[in-house]
Every structure is written in C-alpha cells, then in structure tokens.
Amino acid sequence: MVIFGGRSFWKDFCISHRMIQKKYKSYFGDKITTIDNRDNAISLLMNISDSIQAKMIRRIKSESTYGMLLKLYFIFGEVHSQYLKEKELRLKFVKNSNASEDAVELFENNRNIQRHVIDACNIWIENCVLLQHDVSIQNLNVKKEFVMDEDLLIDMYIYGFVSQAISLLMLSKDLSVQNTFYGLDIMLQDDKPAEVLKYHPVIYFDTVITGNQSDLVDIPLTSDANSTEFGKGFYATNKVEFLLWLAVLQSFEQDQLRGDDKSLTVITKEHFIKLCSSYTNPSVDGEACYNSFVLTKEKLETHLRKNEEIIWIIGANKYRHEIRPFIGLDDGNVLINYGALEQAKQLWVSYFSNGGMCYTNPNKTDKLRQAMEKRNEDLSEHILVAKLQEILRSNYSGTIDLKNVDYQRIFGQKEKNYGVPCQKRFWL
C-alpha cells in the first residue's frame with residue numbers, strides 16, 4: 001500500500017497565493033477567458049515570452065554572472081531534487097489501483113510545473129554563459145546569491161509553460177482548426193494559469209506514468225554498452241567511452257559534491273581536467289571531457305541565430321545544459337552542480353536504453369546520431385512489436401496473429417499502396 005501525503009508545488013516552496021496570482025495576472029491579464037483562435041493565442045504567449053526574455057536579459061546584464069548563475073542553480077537544484085523524488089513515488093503510486101483522482105491530479109500538476117521550471121532554468125543558465133560579463137569570483141557573496149529567488153522561480157515556470165505552449169500551437173498551424181492544438185484556456189489557477197486547447201481524439205493514457213518510458217528494455221544500462229552501436233557512436237563523437245563518462249559524472253557527485261543533491265562547487269579548468277583523468281581505470285582523456293562536455297560561450301554561440309543574442313530552443317541543441325552539464329566561464333573556472341550532473345547522467349542512460357534523439361540542431365549527422373537512428377529503428381520495429389505480442393498473447397486468444405502486414409490487407413484496397421514501412425502487428 002502506498003500512502004501519498006504530497007502537497008502542491010507552490011506550497012512545498014512556501015510561495016504565497018497572493019504572489020502567484022499577482023504574477024499570473026501581470027502576464028495573462030486578470031480575466032478568466034478562452035481564446036479559441038490559434039493566432040490570437042500565439043500572439044498573447046509570444047508577448048509573455050518576449051516580456052520575460054527582456055526582463056531576464058536586463059537581469060543577466062546588470063547582475064554579476066556568478067550571482068545570476070547561483071540564483072538559477074539554487075532553483076534548479078531544489079526543483080530537480082523534488083522532481084526525482086516525486087518521480088520515484090509516482091512509479092510506486094501507479095501500482096496502487098485505489099489511487100484517488102485528486103492524488104493523480106496533484107502528481108500531474110506538480111510534474112508539469114517541475115518540468116517547466118527545469119527546462120527554463122536550463123535555457124537561462126546557457127544564456128548566462130552567453131551574456132557573461134562580470135566573472136570575478138573574489139567579490140561573490142555565496143550566502144547572499146545562492147538562495148531562493150521567488151520572483152525568478154515563478155518567471156521560470158511561466159517561461160517554461162509559455163515556451164511549450166507556443167511550440168505546440170506553432171506546430172499545429174499547418175493543420176485544420178479542429179485538430180491538434182488550437183487555442184488557450186486562461187484559468188488563473190495556482191497550479192495551472194492556462195491550458196492549451198486541443199482536439200481530444202478517442203484515446204486513453206495514464207497521466208501519472210506518461211514519460212516513464214522504461215518498459216521496452218529490462219535492464220536500462222548493460223556492461224557491454226561501450227561495444228554497442230550507441231557506445232561506438234558516443235566515443236567517435238566525444239572521444240570518451242560512454243560507461244567511463246557516466247563513472248566520471250558519478251565520481252564528481254560523490255567526491256566534489258559529497259553526494260549532496262542540491263550542492264554546487266567551482267574549480268579551475270586545470271583541476272577539472274586532472275580530476276576527469278583520475279576518476280576511472282582505465283583513465284579517460286580529461287581534455288576530451290572538457291572539450292565535449294563543458295559548455296562555454298564559444299560553443300553556445302554556434303547555436304545563435306542571426307541578429308539574436310540569446311538561445312530560446314529547448315531540448316534540441318547539440319551544446320546544451322541538459323546533456324553537457326559543466327559550465328566553463330571566461331575566468332578559467334568550471335561551475336559544477338549536482339542536479340545538472342544527475343540530469344545529464346539520467347538523460348544519457350535514457351537515450352541509450354529508450355532511444356530518442358540526443359540533439360537535432362545543427363541538422364548535421366554524426367556517428368552518435370547515426371547510432372541513435374539505428375537504435376530507434378530497433379526499438380520500434382523489433383522490441384516494441386515483441387512486447388506487444390507478449391502482452392496480447394498473455395491476455396487474448398487471437399485467431400489471426402501476424403506481423404509485417406500490408407496496409408491494404410488491413411484497410412482494404414486504396415489508391416496508393418503504402419506497403420509495410422515498419423513492422424505492424426495485426427490481431428483478431
């Protein structure tokens with residue numbers, strides 16, 4: 001039996017209802033309303049995004065780079081820690097068939113807020129590196145800067161939510177109004193200021209377990225990972241073996257950060273390279289670790305678009321905080337945060353086991369992307385089909401049990417024969 005006594009995200013961080021509502025109304029207006037026109041919804045959301053971007057740029061340029069990074073990392077560390085703890089609880093919670101609707105909704109709302117905050121912090125940490133200007137660590141007051149900034153926390157949530165909403169609506173523009181995402185419902189609730197309107201097809205999914213896609217493989221990380229297509233691609237691209245790199249991340253967590261999941265430290269570039277080389281046996285190339293996994297201004301500048309001074313694309317760039325968790329500043333120091341290391345470690349393991357694509361920008365292939373394309377093909381056409389076959393056979397007795405079925409055998413004669421682009425399972 002799982003006993004759930006969780007609280008809403010904002011109560012956990014002691015953010016008052018009054019402050020939340022004041023911020024929401026300053027961005028969304030003070031009226032509860034529905035915008036059922038996609039272009040109007042995009043226009044409102046773009047204005048909110050532009051407003052927060054302008055505010056953040058002013059802050060980054062006026063405050064010290066270390067001070068702003070510490071504020072963002074404090075928020076990131078606290079929220080990421082909460083996210084991982086609730087994720088573990090969700091995995092246990094879904095096995096409880098008596099789960100209440102209120103508890104499920106609380107889990108869902110908390111997860112959504114946490115993800116929006118984490119995504120926004122990732123982007124603005126990158127932009128701090130891009131816009132760094134005062135990197136003097138001598139005058140840094142850690143006790144003053146490494147604290148919760150409530151105003152910044154709410155802005156990060158709204159920015160993350162708005163960024164996702166804009167993406168969903170923009171991607172739906174080429175489709176008809178009746179399909180996919182088409183508007184915005186402004187409700188001004190503490191846990192949900194607004195919601196993107198979408199066409200609801202006849203489909204069911206469990207919101208509690210959505211995103212925990214770990215059922216396709218029994219063991220998420222295997223001892224032969226370095227010799228797999230993924231492992232070979234990882235080494236060819238980064239010049240560091242995959243399992244050794246995960247060991248380096250783990251060693252930084254336990255050694256430099258003492259296992260404290262909300263901690264942060266700053267070391268020199270030279271010390272970073274030396275530590276990387278000393279953490280594993282056989283040792284890795286510390287220079288390669290720095291060149292491949294430390295975010296610097298020069299690397300991030302490769303993702304800037306013409307006439308833009310900040311990065312705003314989430315989860316797609318080759319050089320991004322999610323998968324390259326160390327921050328290299330112009331003063332020769334490397335900033336290291338436990339939550340960032342754990343985020344990168346878990347994401348790389350997920351790419352290895354669950355597939356996906358580690359980055360899509362720039363749209364230029366490399367050995368790692370090629371390996372991941374093969375992994376995705378294997379997962380979708382073989383492993384997933386085998387899993388479905390196992391589940392169906394254990395629950396039903398079918399008279400027809402086929403794979404690789406031509407579309408026309410299922411749907412009848414069509415003008416165009418789509419053939420069998422990937423393995424399909426047909427069961428009656």
# chains A, B, ... in the order shown; residues from 1 in each chain; ligands from 1

call {"tool": "residues_around", "arguments": {"residues": "region 254-260 of chain A", "least_positions_apart": "5", "cutoff": "12 Å", "atoms": "only C-alpha atoms", "output": "PyMOL selection string"}}
result
chain A and resi 77-78+81+247-249+265-267+271-272+275-276+278-279+335-342

call {"tool": "write_last_selection", "arguments": {"atoms": "N, CA and C atoms", "output": "compact mmCIF listing (two decimals), in the first residue's frame"}}
result
# COMPACT_ATOMS: atom_id res chain seq x y z
N GLY A 77 18.42 23.19 -8.59
CA GLY A 77 18.74 22.10 -7.67
C GLY A 77 17.56 21.71 -6.81
N GLU A 78 16.85 22.69 -6.26
CA GLU A 78 15.70 22.40 -5.40
C GLU A 78 14.59 21.70 -6.18
N SER A 81 15.60 18.13 -7.51
CA SER A 81 15.58 17.16 -6.41
C SER A 81 14.16 16.73 -6.11
N ALA A 247 30.74 7.14 -15.23
CA ALA A 247 31.50 6.97 -13.99
C ALA A 247 32.13 8.28 -13.56
N VAL A 248 32.58 9.09 -14.52
CA VAL A 248 33.14 10.41 -14.19
C VAL A 248 32.07 11.29 -13.55
N LEU A 249 30.87 11.29 -14.13
CA LEU A 249 29.77 12.08 -13.56
C LEU A 249 29.48 11.64 -12.13
N THR A 265 29.70 23.62 -6.75
CA THR A 265 31.08 24.00 -6.46
C THR A 265 31.72 24.61 -7.70
N VAL A 266 32.85 25.28 -7.51
CA VAL A 266 33.60 25.89 -8.61
C VAL A 266 35.05 25.45 -8.49
N ILE A 267 35.62 24.93 -9.59
CA ILE A 267 37.01 24.53 -9.61
C ILE A 267 37.66 25.10 -10.88
N HIS A 271 42.15 21.82 -12.81
CA HIS A 271 41.78 20.83 -11.80
C HIS A 271 40.69 19.91 -12.35
N PHE A 272 39.76 20.47 -13.11
CA PHE A 272 38.69 19.67 -13.73
C PHE A 272 39.29 18.59 -14.63
N LEU A 275 41.00 15.89 -12.54
CA LEU A 275 40.04 15.01 -11.87
C LEU A 275 39.42 14.02 -12.84
N CYS A 276 39.02 14.50 -14.02
CA CYS A 276 38.43 13.60 -15.02
C CYS A 276 39.37 12.45 -15.33
N SER A 278 41.62 11.19 -13.42
CA SER A 278 41.96 10.36 -12.26
C SER A 278 40.79 9.52 -11.74
N TYR A 279 39.58 9.79 -12.21
CA TYR A 279 38.40 9.16 -11.62
C TYR A 279 38.15 7.73 -12.08
N LEU A 335 32.04 25.56 -13.30
CA LEU A 335 30.99 25.51 -12.29
C LEU A 335 30.27 24.17 -12.39
N ILE A 336 30.12 23.50 -11.24
CA ILE A 336 29.58 22.14 -11.21
C ILE A 336 28.41 22.07 -10.23
N ASN A 337 27.27 21.58 -10.70
CA ASN A 337 26.06 21.45 -9.89
C ASN A 337 25.59 20.01 -9.89
N TYR A 338 25.27 19.49 -8.70
CA TYR A 338 24.87 18.09 -8.58
C TYR A 338 23.65 17.77 -9.44
N GLY A 339 22.62 18.60 -9.36
CA GLY A 339 21.40 18.34 -10.12
C GLY A 339 21.66 18.29 -11.61
N ALA A 340 22.55 19.16 -12.10
CA ALA A 340 22.88 19.16 -13.52
C ALA A 340 23.58 17.87 -13.93
N LEU A 341 24.48 17.37 -13.07
CA LEU A 341 25.17 16.11 -13.35
C LEU A 341 24.18 14.96 -13.39
N GLU A 342 23.27 14.94 -12.43
CA GLU A 342 22.29 13.85 -12.36
C GLU A 342 21.34 13.91 -13.54

call {"tool": "residues_around", "arguments": {"residues": "Arg18 (chain A)", "least_positions_apart": "6", "cutoff": "12 Å", "atoms": "only C-alpha atoms", "output": "PyMOL selection string"}}
result
chain A and resi 10+24-25+188-190

call {"tool": "write_last_selection", "arguments": {"atoms": "N, CA and C atoms", "output": "PDB file, in the first residue's frame"}}
result
ATOM      1  N   TRP A  10       3.718  24.773  -5.167  1.00  0.00           N
ATOM      2  CA  TRP A  10       3.913  26.107  -4.596  1.00  0.00           C
ATOM      3  C   TRP A  10       3.909  26.079  -3.078  1.00  0.00           C
ATOM      4  N   TYR A  24       0.708  35.937 -12.264  1.00  0.00           N
ATOM      5  CA  TYR A  24      -0.099  35.401 -13.360  1.00  0.00           C
ATOM      6  C   TYR A  24      -0.866  36.518 -14.060  1.00  0.00           C
ATOM      7  N   LYS A  25      -1.510  37.371 -13.273  1.00  0.00           N
ATOM      8  CA  LYS A  25      -2.344  38.432 -13.846  1.00  0.00           C
ATOM      9  C   LYS A  25      -1.516  39.484 -14.580  1.00  0.00           C
ATOM     10  N   LEU A 188      -6.168  30.911 -14.569  1.00  0.00           N
ATOM     11  CA  LEU A 188      -5.535  31.595 -13.437  1.00  0.00           C
ATOM     12  C   LEU A 188      -5.580  30.791 -12.145  1.00  0.00           C
ATOM     13  N   GLN A 189      -5.507  29.474 -12.252  1.00  0.00           N
ATOM     14  CA  GLN A 189      -5.396  28.630 -11.065  1.00  0.00           C
ATOM     15  C   GLN A 189      -3.931  28.565 -10.651  1.00  0.00           C
ATOM     16  N   ASP A 190      -3.675  28.453  -9.354  1.00  0.00           N
ATOM     17  CA  ASP A 190      -2.285  28.471  -8.876  1.00  0.00           C
ATOM     18  C   ASP A 190      -1.424  27.420  -9.571  1.00  0.00           C
TER      19      ASP A 190
END

call {"tool": "atom_distance", "arguments": {"atom1": "CA of Met148 (chain A)", "atom2": "CA of Met68 (chain A)"}}
result
11.5 Å

call {"tool": "residues_around", "arguments": {"residues": "Ser167 (chain A)", "least_positions_apart": "5", "cutoff": "12 Å", "atoms": "only C-alpha atoms", "output": "list in words"}}
result
Arg38, Ala41, Ile42, Leu45, Met46, Ser49, Gly160, Phe161, Val162, Ser172, Lys173, Phe181, Tyr182, Val196, Trp312, Ile313, Ile314 and Gly315 of chain A

call {"tool": "atom_distance", "arguments": {"atom1": "CA of Asp191 (chain A)", "atom2": "CA of Lys22 (chain A)"}}
result
13.8 Å

call {"tool": "closest_residue", "arguments": {"among": "A:Asn122, A:Asn376, A:Ser43, A:Gln82", "to": "His321 (chain A)", "atoms": "only C-alpha atoms"}}
result
A:Asn122

call {"tool": "select_by_dssp", "arguments": {"residues": "region 282-400 of chain A", "states": "helix (DSSP H, G or I)", "output": "MDAnalysis selection string"}}
result
chainID A and resid 286:293 297:301 338:354 367:395

call {"tool": "residues_around", "arguments": {"residues": "Glu270 (chain A)", "least_positions_apart": "5", "cutoff": "10 Å", "atoms": "only C-alpha atoms", "output": "compact mmCIF listing (two decimals) with N, CA and C atoms, in the first residue's frame"}}
result
# COMPACT_ATOMS: atom_id res chain seq x y z
N LEU A 275 41.00 15.89 -12.54
CA LEU A 275 40.04 15.01 -11.87
C LEU A 275 39.42 14.02 -12.84
N GLY A 286 41.11 13.76 -20.02
CA GLY A 286 40.50 14.91 -19.37
C GLY A 286 40.24 16.06 -20.32
N GLU A 287 41.15 16.26 -21.26
CA GLU A 287 40.97 17.32 -22.25
C GLU A 287 39.75 17.05 -23.12
N TYR A 290 36.62 17.91 -21.23
CA TYR A 290 36.38 19.36 -21.23
C TYR A 290 35.85 19.82 -22.58
N GLY A 332 38.33 31.01 -16.50
CA GLY A 332 39.07 29.76 -16.41
C GLY A 332 38.53 28.79 -15.39
N ASN A 333 37.38 29.10 -14.80
CA ASN A 333 36.77 28.21 -13.81
C ASN A 333 35.67 27.36 -14.43
N VAL A 334 35.37 26.25 -13.76
CA VAL A 334 34.28 25.35 -14.16
C VAL A 334 33.30 25.27 -13.01
